[in-house]
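A quick write-up on the structure given underneath.
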Amino acid sequence: MSRICLARAPDATWPVAARPTSLSGRPVRRLARATASLSLLTRVIAGSAMLAILVAGAFTLLLIATSHLGQSTNEQAQSRDLTKATLGLERVVNELEVSLRSFVISDADTRFLGSWRQGRVDVPTAIAAVEKLLPNDLAQRRQVEQLSLLIHAYIDEYGLPLIAIARISTSAARSPVATREGLIRIGSIRNHLSRLLSDEDSLAAQYAASAKLEAARAVRIGVGALIAAAGLLVVFGVFLARGVARPVRMVAAGASQVARGDLSTRLDEGGAAEIDTLTRAFNGMARSLEQGKHELETQNEELRHSQRMMSQLVSVVSHELRTPLASIRGYTSVLLNRDVAPADVTHYLEIVHEQGRRLEALVDEFLEGERVEPGRIELKDEPLDLKPLLVAEAQLLSSGTSKHQIEVAIDSESLPVRGDRDRLAQVIDNLLTNAVKYSPEGGLVEVHADLEIDAVRVRIRDQGLGVSEEHQARIFTKFFRGDARESGITGTGLGLAVSREIIEGHGGRIGFTSQAGSGSTFWFELPLTDRRRPRAADGSTGGEDGDRDDAEPVSLPRRL
Amino acid sequence: MPDETTTILICDDEPSLRELMRISLPSEYSFVEATHAAEAIELVERVQPDLVLLDVMLPGASGLTVLESVRSATESRPTPVLVVSAFSAESDQRAALRAGASGFLKKPFDPEELKTLVEDLLGART
């Protein structure tokens, strides 16, 4: 039987060429087992949902990474602005210092006070600009607050008194004490400013590094998500190809094979629900077709056999019926057309009568032959002894032949069987008649019968033509006559077929052994009704079986 | 004309048909009868009949075997053989004629037809 492999259930055996190598491994098998009975629709929807979830997840991660990058960039920009504002504050402080020192050195030239005043105006704005840009860092805030205090102290506690002193005495204002005080204060302010700048620089460097890291992460996530989505798409495509395209291709191949006449084609069932239904339906269809074809072939063979039988029947009828017909027609023609002496008239009419009877017997035999089908012969079921039947038939036949010697050898006192006496007599008559017919040169015909463990076995042996090997298999076939026609042996080819039906109808067996030219031994066996029966005949007790009452009593033969 | 010196061999295993053939033909003829092939062959050689009426289906061997023996035994002066058979299909008739039969008569036959055929065959011989 042809077998086409489809997308298989995971536990099915894969053909070597189709064994999936890229998707091997336990997790895949478990997944495949879990999804084996799912429908294609469910699988496609599940696959699409997985793909959507993966793509959405990848893009969410990408968004998060991008947002982190933006934040880092903002922080970096803020840090830059803060540095700028701090530098602005430093410039204002420098302006204040330079204008103050210039005023003192220039012997209180009031032109320099313009810059001083402008510086004082600018100080709150510059400090506010720095404060505004400060991150939520407490240490930095404190630092700025202290810086603000120092600047204000420089203005209020040093600058303004120094201007006032310089107006009175420039030399006092230029005294080393005053100058040192100013330098100390400015130095302290500058220290704070430079610390603020250095802190900010380090923060800016930190933000820049963080931004770089986030950017690299965002790129990695983006590329990873793209690769994963592409991979999932490929897997999805492979799944669709295997789940849909491959089964469809296989079903198409199976259909082509069926179309070419190979009705034994079957597809492996299993796989997705739709494919399983499809393959089952396909196999069901192929099975029905094959069964139908087989039935047709059987019927065809039976028809051919019937036709052969019919043609043999026609041939047999043609010869067997024509012989008595020839006598009837010939003698009646003579009686009608010629003057025949009265004594001859009677003789001819007797011949016509006898041939008419022969015709009738032949017609009966043909009708009987027509009934030779298993179960079509009706059989009585009564207890009987086969021994007297065999003796009587042998005597009847020996009276009709001078060339043959018929011997009956039966050791048992009786041969108790159940069955149809007339039908069994017909079988014995048939086998004996054949033994004589097929020994045209005459000879000995022996009849043996034995009691076996559970059967009666009868053998009829002749010294005749025998059955050639080529004909032995067909000898019980209806209308089969082997070489009988060529050998000039008359008959219908029905006797053995009828005999077999009768014996088998009794639950027995019939057969023969033969060698062409050396005679034949035909035998039959019938089930023994009761194996104690022979002892009963010797006077021991019998008939103990309650259900055997109808078999009692059997009249036992006193002859032989 | 029929005369007593004309011998006819009737070869058929059916006694009633042998008798029918005999009474169908003029009683002036001499008749010998055989019931099987071997007997027929033996009589052909011994009696040397003027005509043989031969059935095809004979015990022991086919009538066509007898026909072949008749043909080889009477080569110098062929004896007419009329095959009388129940196997009357054209193929059977052709087989008989091929084997050397002088005529074919199918069973059942009309006694008058048999008589005419026999007289024709004997006439043709003389």
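Just so we're on the same page: first chain in the structure tokens is A, next is B, and so on; residues restart at 1 for each chain, and ligands are numbered from 1 in the order they show up.
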Just the alpha helix (DSSP H) stuff from chain B, please, per backbone DSSP, written as a count of residues only.
56
Would you kindly report the residues of chain A within 12 Å of chain B, using only C-alpha atoms, as a ChimeraX atom specification?
/A:314-340,344,347-355,437-442,464-465,483-491
Shortest interatomic distance to Thr7 of chain B - which of B:Gly100, B:Pro80, B:Pro49, B:Gly123, counting only C-alpha atoms:
B:Pro49
Atom CA of Leu67 of chain B sits from atom CA of Val83 of chain B at a separation of 8.9 Å
Can you work out the spacing between atom CA of Ile184 of chain A and atom CA of Asp201 of chain A in Å, to one decimal?
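Going from atom CA of Ile184 of chain A over to atom CA of Asp201 of chain A, I get 25.3 Å.
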When you look at Val81 of chain B with a cut-off of 8 Å (counting only C-alpha atoms), what residues show up, excluding the ones that are within fewer than 3 positions of it in the same chain? I need them as a compact mmCIF listing (two decimals) with C-alpha atoms, in the first residue's frame.
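Result file part.txt:
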```txt
# COMPACT_ATOMS: atom_id res chain seq x y z
CA LEU B 51 -17.57 -47.85 -45.12
CA VAL B 52 -17.22 -46.81 -41.49
CA LEU B 53 -19.91 -45.02 -39.45
CA LEU B 54 -17.92 -43.48 -36.61
CA LEU B 67 -10.16 -42.20 -38.24
CA GLY B 100 -9.89 -37.34 -43.04
CA ALA B 101 -13.63 -37.89 -42.58
CA SER B 102 -15.57 -38.26 -45.84
CA GLY B 103 -18.72 -36.75 -44.34
```
Please report the interatomic distance between atom CA of Arg308 of chain A and atom CA of Val84 of chain B in Å with one decimal.
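These two atoms are separated by 26.8 Å.
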With a distance cut-off of 12 Å and only C-alpha atoms, select the neighbouring residues of Glu131 of chain A, excluding the residue or stretch itself and same-chain residues fewer than 6 positions from it, and output the selection as a PyMOL selection string.
chain A and resi 78+81-83+85-86+89+124-125+137-138+140-148+196
Output C-alpha atoms for every residue in the selection just made, as a tab-separated table (two decimals), in the first residue's frame.
```tsv
chain	number	residue	atom	x	y	z
A	78	GLN	CA	21.40	71.99	32.17
A	81	ASP	CA	23.94	76.29	31.40
A	82	LEU	CA	24.82	76.19	35.09
A	83	THR	CA	28.52	76.45	34.28
A	85	ALA	CA	25.70	81.11	34.79
A	86	THR	CA	28.48	80.46	37.32
A	89	LEU	CA	28.56	85.35	38.34
A	124	PRO	CA	21.23	89.29	42.48
A	125	THR	CA	20.37	88.44	38.86
A	137	ASP	CA	21.58	68.71	45.00
A	138	LEU	CA	21.56	69.94	48.61
A	140	GLN	CA	25.45	72.54	45.79
A	141	ARG	CA	22.52	74.65	47.04
A	142	ARG	CA	24.31	75.28	50.32
A	143	GLN	CA	27.45	76.16	48.44
A	144	VAL	CA	25.57	78.72	46.32
A	145	GLU	CA	23.84	80.11	49.43
A	146	GLN	CA	27.25	80.55	51.10
A	147	LEU	CA	28.65	82.13	47.94
A	148	SER	CA	25.73	84.56	47.91
A	196	LEU	CA	31.15	75.11	42.11
```
Option closest in space to Val66 of chain B, from B:Leu121, B:Leu105, B:Cys11, B:Ala95 [counting only C-alpha atoms]
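Of B:Leu121, B:Leu105, B:Cys11, B:Ala95, the one nearest Val66 of chain B is B:Cys11, counting only C-alpha atoms.
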